[in-house]
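Text of data-v4.txt, listed as compact mmCIF, C-alpha atoms:
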```txt
# COMPACT_ATOMS: atom_id res chain seq x y z
CA MET A 1 -11.56 54.00 -32.82
CA ASP A 2 -13.98 52.19 -30.60
CA ARG A 3 -17.18 51.50 -32.56
CA LEU A 4 -18.03 48.91 -35.16
CA LYS A 5 -20.17 50.57 -37.83
CA PHE A 6 -20.36 50.35 -41.63
CA HIS A 7 -18.24 47.16 -41.57
CA ALA A 8 -15.39 49.19 -40.03
CA LEU A 9 -13.87 50.24 -36.76
CA THR A 10 -14.78 53.91 -36.48
CA GLY A 11 -14.02 56.85 -34.29
CA THR A 12 -13.99 60.61 -34.46
CA ALA A 13 -11.08 63.01 -34.22
CA GLU A 14 -10.54 66.71 -34.58
CA ILE A 15 -8.10 67.42 -37.38
CA ALA A 16 -7.23 71.01 -38.30
CA GLY A 17 -10.28 72.19 -36.34
CA GLN A 18 -12.67 69.88 -38.21
CA ARG A 19 -14.53 66.93 -36.74
CA CYS A 20 -13.59 63.91 -38.84
CA LEU A 21 -14.81 60.33 -38.94
CA LEU A 22 -11.96 57.82 -39.06
CA MET A 23 -12.53 54.36 -40.48
CA LYS A 24 -10.52 51.18 -40.56
CA PRO A 25 -12.51 48.78 -42.73
CA ASN A 26 -13.12 45.40 -41.12
CA THR A 27 -13.60 43.77 -44.51
CA TYR A 28 -10.74 42.24 -46.40
CA MET A 29 -8.57 45.06 -47.75
CA ASN A 30 -9.67 44.23 -51.30
CA LEU A 31 -13.29 44.94 -50.25
CA SER A 32 -12.67 48.27 -48.49
CA GLY A 33 -15.16 49.97 -50.79
CA GLN A 34 -18.06 48.23 -49.06
CA ALA A 35 -17.34 50.09 -45.81
CA VAL A 36 -16.45 53.42 -47.44
CA GLY A 37 -19.42 53.38 -49.81
CA GLU A 38 -21.93 52.47 -47.09
CA CYS A 39 -20.66 55.25 -44.82
CA ALA A 40 -20.57 57.83 -47.63
CA ARG A 41 -24.17 57.05 -48.60
CA PHE A 42 -25.40 57.13 -45.00
CA PHE A 43 -23.84 60.53 -44.23
CA ARG A 44 -24.27 61.85 -47.80
CA VAL A 45 -20.58 62.67 -48.01
CA PRO A 46 -19.41 63.62 -51.51
CA PRO A 47 -16.35 61.67 -52.72
CA GLU A 48 -14.14 64.77 -52.80
CA ARG A 49 -14.53 64.99 -48.99
CA ILE A 50 -13.36 61.40 -48.43
CA LEU A 51 -9.63 60.99 -47.83
CA VAL A 52 -8.24 57.50 -48.39
CA ILE A 53 -4.89 56.52 -46.91
CA SER A 54 -3.32 53.38 -48.34
CA ASP A 55 -0.09 51.50 -48.80
CA ASP A 56 1.58 51.27 -52.19
CA VAL A 57 4.00 48.52 -53.21
CA SER A 58 5.13 50.42 -56.31
CA PHE A 59 6.89 53.08 -54.18
CA PRO A 60 9.97 52.60 -52.03
CA PRO A 61 9.42 52.42 -48.27
CA GLY A 62 8.56 55.82 -46.84
CA MET A 63 7.75 57.56 -50.12
CA LEU A 64 4.54 59.62 -49.98
CA ARG A 65 2.32 60.37 -52.95
CA ILE A 66 -0.66 62.68 -52.51
CA ARG A 67 -3.27 63.04 -55.23
CA ARG A 68 -6.60 64.83 -55.61
CA LYS A 69 -7.96 61.94 -57.71
CA GLY A 70 -6.77 59.07 -59.85
CA SER A 71 -6.99 55.45 -60.83
CA ALA A 72 -6.51 52.49 -58.52
CA GLY A 73 -3.07 51.90 -59.97
CA GLY A 74 -3.40 48.17 -59.37
CA GLN A 75 -4.23 48.59 -55.65
CA LYS A 76 -7.28 46.37 -55.10
CA GLY A 77 -8.54 48.25 -52.05
CA LEU A 78 -8.59 51.50 -54.03
CA LYS A 79 -10.29 49.70 -56.91
CA SER A 80 -13.05 48.57 -54.54
CA ILE A 81 -13.51 52.10 -53.19
CA ILE A 82 -13.72 53.49 -56.73
CA GLU A 83 -16.35 50.88 -57.62
CA HIS A 84 -18.47 51.59 -54.53
CA LEU A 85 -18.24 55.39 -54.81
CA GLY A 86 -18.71 55.29 -58.58
CA THR A 87 -15.83 57.69 -59.17
CA GLU A 88 -12.05 58.16 -58.98
CA GLU A 89 -12.60 61.73 -57.77
CA PHE A 90 -11.50 61.45 -54.13
CA PRO A 91 -8.19 62.50 -52.56
CA ARG A 92 -5.71 59.93 -51.39
CA VAL A 93 -2.43 59.64 -49.54
CA LYS A 94 -0.31 56.69 -50.63
CA LEU A 95 2.53 55.47 -48.45
CA GLY A 96 5.26 53.40 -50.08
CA VAL A 97 6.03 50.04 -48.49
CA GLY A 98 8.39 48.74 -51.18
CA GLN A 99 8.18 46.06 -53.80
CA LYS A 100 7.92 42.37 -53.03
CA PRO A 101 11.30 40.64 -52.91
CA HIS A 102 10.75 38.57 -56.06
CA PRO A 103 8.01 38.37 -58.72
CA ASP A 104 6.64 35.04 -57.47
CA ALA A 105 6.12 36.26 -53.89
CA ASP A 106 2.53 36.55 -52.67
CA ILE A 107 1.66 40.24 -52.39
CA ALA A 108 -0.50 39.80 -49.27
CA ASP A 109 2.28 37.89 -47.50
CA TRP A 110 4.75 40.61 -48.50
CA VAL A 111 2.61 43.54 -47.29
CA LEU A 112 1.83 41.77 -44.00
CA SER A 113 5.42 40.63 -43.34
CA ASN A 114 7.84 42.26 -40.90
CA MET A 115 9.80 45.16 -42.38
CA SER A 116 13.55 45.64 -42.16
CA THR A 117 14.83 48.14 -39.59
CA ASP A 118 15.76 50.64 -42.34
CA ASP A 119 12.39 50.31 -44.08
CA LEU A 120 10.57 50.71 -40.77
CA LYS A 121 12.59 53.85 -39.98
CA ALA A 122 11.69 55.34 -43.38
CA LEU A 123 8.04 54.42 -42.88
CA ARG A 124 7.89 56.04 -39.43
CA ALA A 125 9.35 59.30 -40.79
CA ALA A 126 6.86 59.26 -43.65
CA CYS A 127 3.96 58.73 -41.23
CA GLY A 128 4.85 62.02 -39.52
CA ASP A 129 4.82 63.79 -42.89
CA ALA A 130 1.56 62.06 -43.81
CA CYS A 131 -0.08 63.42 -40.65
CA LYS A 132 1.02 66.96 -41.52
CA ALA A 133 -0.23 66.50 -45.09
CA ILE A 134 -3.58 65.21 -43.84
CA GLU A 135 -4.02 68.37 -41.74
CA LEU A 136 -3.45 70.50 -44.85
CA ILE A 137 -5.87 68.39 -46.90
CA VAL A 138 -8.59 68.70 -44.24
CA ARG A 139 -8.07 72.48 -44.32
CA GLY A 140 -8.71 72.39 -48.08
CA GLU A 141 -5.05 72.94 -48.95
CA ILE A 142 -4.38 69.79 -50.98
CA GLU A 143 -2.15 71.59 -53.49
CA GLN A 144 0.15 72.68 -50.65
CA ALA A 145 0.15 69.16 -49.22
CA MET A 146 1.07 67.74 -52.63
CA ALA A 147 3.85 70.30 -53.14
CA LYS A 148 5.35 69.92 -49.67
CA TYR A 149 4.95 66.22 -48.88
CA SER A 150 4.75 64.23 -52.14
CA HIS A 151 8.22 62.91 -52.86
```
Could you express the structure from this file as structure tokens?
Amino acid sequence: MDRLKFHALTGTAEIAGQRCLLMKPNTYMNLSGQAVGECARFFRVPPERILVISDDVSFPPGMLRIRRKGSAGGQKGLKSIIEHLGTEEFPRVKLGVGQKPHPDADIADWVLSNMSTDDLKALRAACGDACKAIELIVRGEIEQAMAKYSH
């Protein structure tokens, strides 16, 4: 990822034989939709061909959840993407990072903090599964990805 375009670091990769544009929004996470929406409009990419990968504090560390569509579920980055695309109809891979240690903790501080060794180990294993799931999704096999890798 070596270019700055659409308010994001971008790069291309071949995944499952398909050329894919990768994006890491340079906006605040809560404004990710600005980058995704601008890119989607420029390339005329329909939402169902946009795959969003995000963290999720409502799942334990390392848990994967793959969905064809859905609500933001309280995740502000997903909410922004939904607003900018005008739909919830895009696939996503959610990776559990665990809940904040106590209700008064700042969520941003929690997500950006160092993880425990056990949590990091679980997250690394899940990242391998997420990569395999992403290959299936790019091939158009989202149902298989959901069945095999959502846990």
List as JSON, numbers by chain the protein and nucleic acid residues near Ile50 of chain A, meaning an atom at most 7 Å away when all atoms listed in the file are counted, but skip any in the same chain fewer than 2 places from it. {"A": [47, 48, 52, 90, 91]}
Between A:Leu64, A:Ala72, A:Leu85, A:Ile53, which one has atoms that come closest to Ala35 of chain A, using all atoms listed in the file?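 Selected residue with least distance to Ala35 of chain A: A:Leu85.
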Using only C-alpha atoms, the shortest atom-to-atom distance to Val45 of chain A among A:Leu21, A:Val93, A:Ala125, A:Ala13 belongs to A:Leu21
Using only C-alpha atoms, which residue out of A:Ile142, A:Cys20, A:Leu112, A:Ala8 lies closest to Ser32 of chain A? A:Ala8
Just give me the gap between atom CA of Ser113 of chain A and atom CA of Lys76 of chain A in Å, one decimal is fine.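 Answer for the atom CA of Ser113 of chain A to atom CA of Lys76 of chain A separation: 18.2 Å.
The coordinates place atom CA of Asp55 of chain A at 4.8 Å from atom CA of Leu95 of chain A.
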So, counting all atoms listed in the file, which residue among A:Met115, A:Leu31, A:Ala108, A:Leu120 is closest to Ile81 of chain A?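 Answer, going by the shortest atom-to-atom distance: A:Leu31.
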All residues 12 Å or closer to Glu83 of chain A, only C-alpha atoms, same chain fewer than 3 positions away omitted, as a PDB file with C-alpha atoms, in the frame of the given file:
```pdb
ATOM      1  CA  ASN A  30      -9.670  44.230 -51.300  1.00  0.00           C
ATOM      2  CA  LEU A  31     -13.290  44.940 -50.250  1.00  0.00           C
ATOM      3  CA  SER A  32     -12.670  48.270 -48.490  1.00  0.00           C
ATOM      4  CA  GLY A  33     -15.160  49.970 -50.790  1.00  0.00           C
ATOM      5  CA  GLN A  34     -18.060  48.230 -49.060  1.00  0.00           C
ATOM      6  CA  ALA A  35     -17.340  50.090 -45.810  1.00  0.00           C
ATOM      7  CA  VAL A  36     -16.450  53.420 -47.440  1.00  0.00           C
ATOM      8  CA  GLY A  37     -19.420  53.380 -49.810  1.00  0.00           C
ATOM      9  CA  PRO A  47     -16.350  61.670 -52.720  1.00  0.00           C
ATOM     10  CA  SER A  71      -6.990  55.450 -60.830  1.00  0.00           C
ATOM     11  CA  ALA A  72      -6.510  52.490 -58.520  1.00  0.00           C
ATOM     12  CA  LYS A  76      -7.280  46.370 -55.100  1.00  0.00           C
ATOM     13  CA  GLY A  77      -8.540  48.250 -52.050  1.00  0.00           C
ATOM     14  CA  LEU A  78      -8.590  51.500 -54.030  1.00  0.00           C
ATOM     15  CA  LYS A  79     -10.290  49.700 -56.910  1.00  0.00           C
ATOM     16  CA  SER A  80     -13.050  48.570 -54.540  1.00  0.00           C
ATOM     17  CA  GLY A  86     -18.710  55.290 -58.580  1.00  0.00           C
ATOM     18  CA  THR A  87     -15.830  57.690 -59.170  1.00  0.00           C
ATOM     19  CA  GLU A  88     -12.050  58.160 -58.980  1.00  0.00           C
ATOM     20  CA  GLU A  89     -12.600  61.730 -57.770  1.00  0.00           C
TER      21      GLU A  89
END
```
Of the residues A:Gly17, A:Gly74, A:Gly96, A:Pro103, which is the one nearest to Ser54 of chain A, using all atoms listed in the file?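 Closest to Ser54 of chain A of all the choices is A:Gly96.
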Identify which of the residues A:Gly62, A:Pro25, A:Gly70, A:Pro46 lies closest to Ile82 of chain A, counting all atoms listed in the file when measuring atom-to-atom distances.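 Among the listed residues, A:Gly70 lies closest to Ile82 of chain A.
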For Met23 of chain A, work out the shell of residues within 8 Å, counting all atoms listed in the file and skipping chain neighbours fewer than 5 positions away, then give it as an NGL selection string. :A and (1 or 8-11)
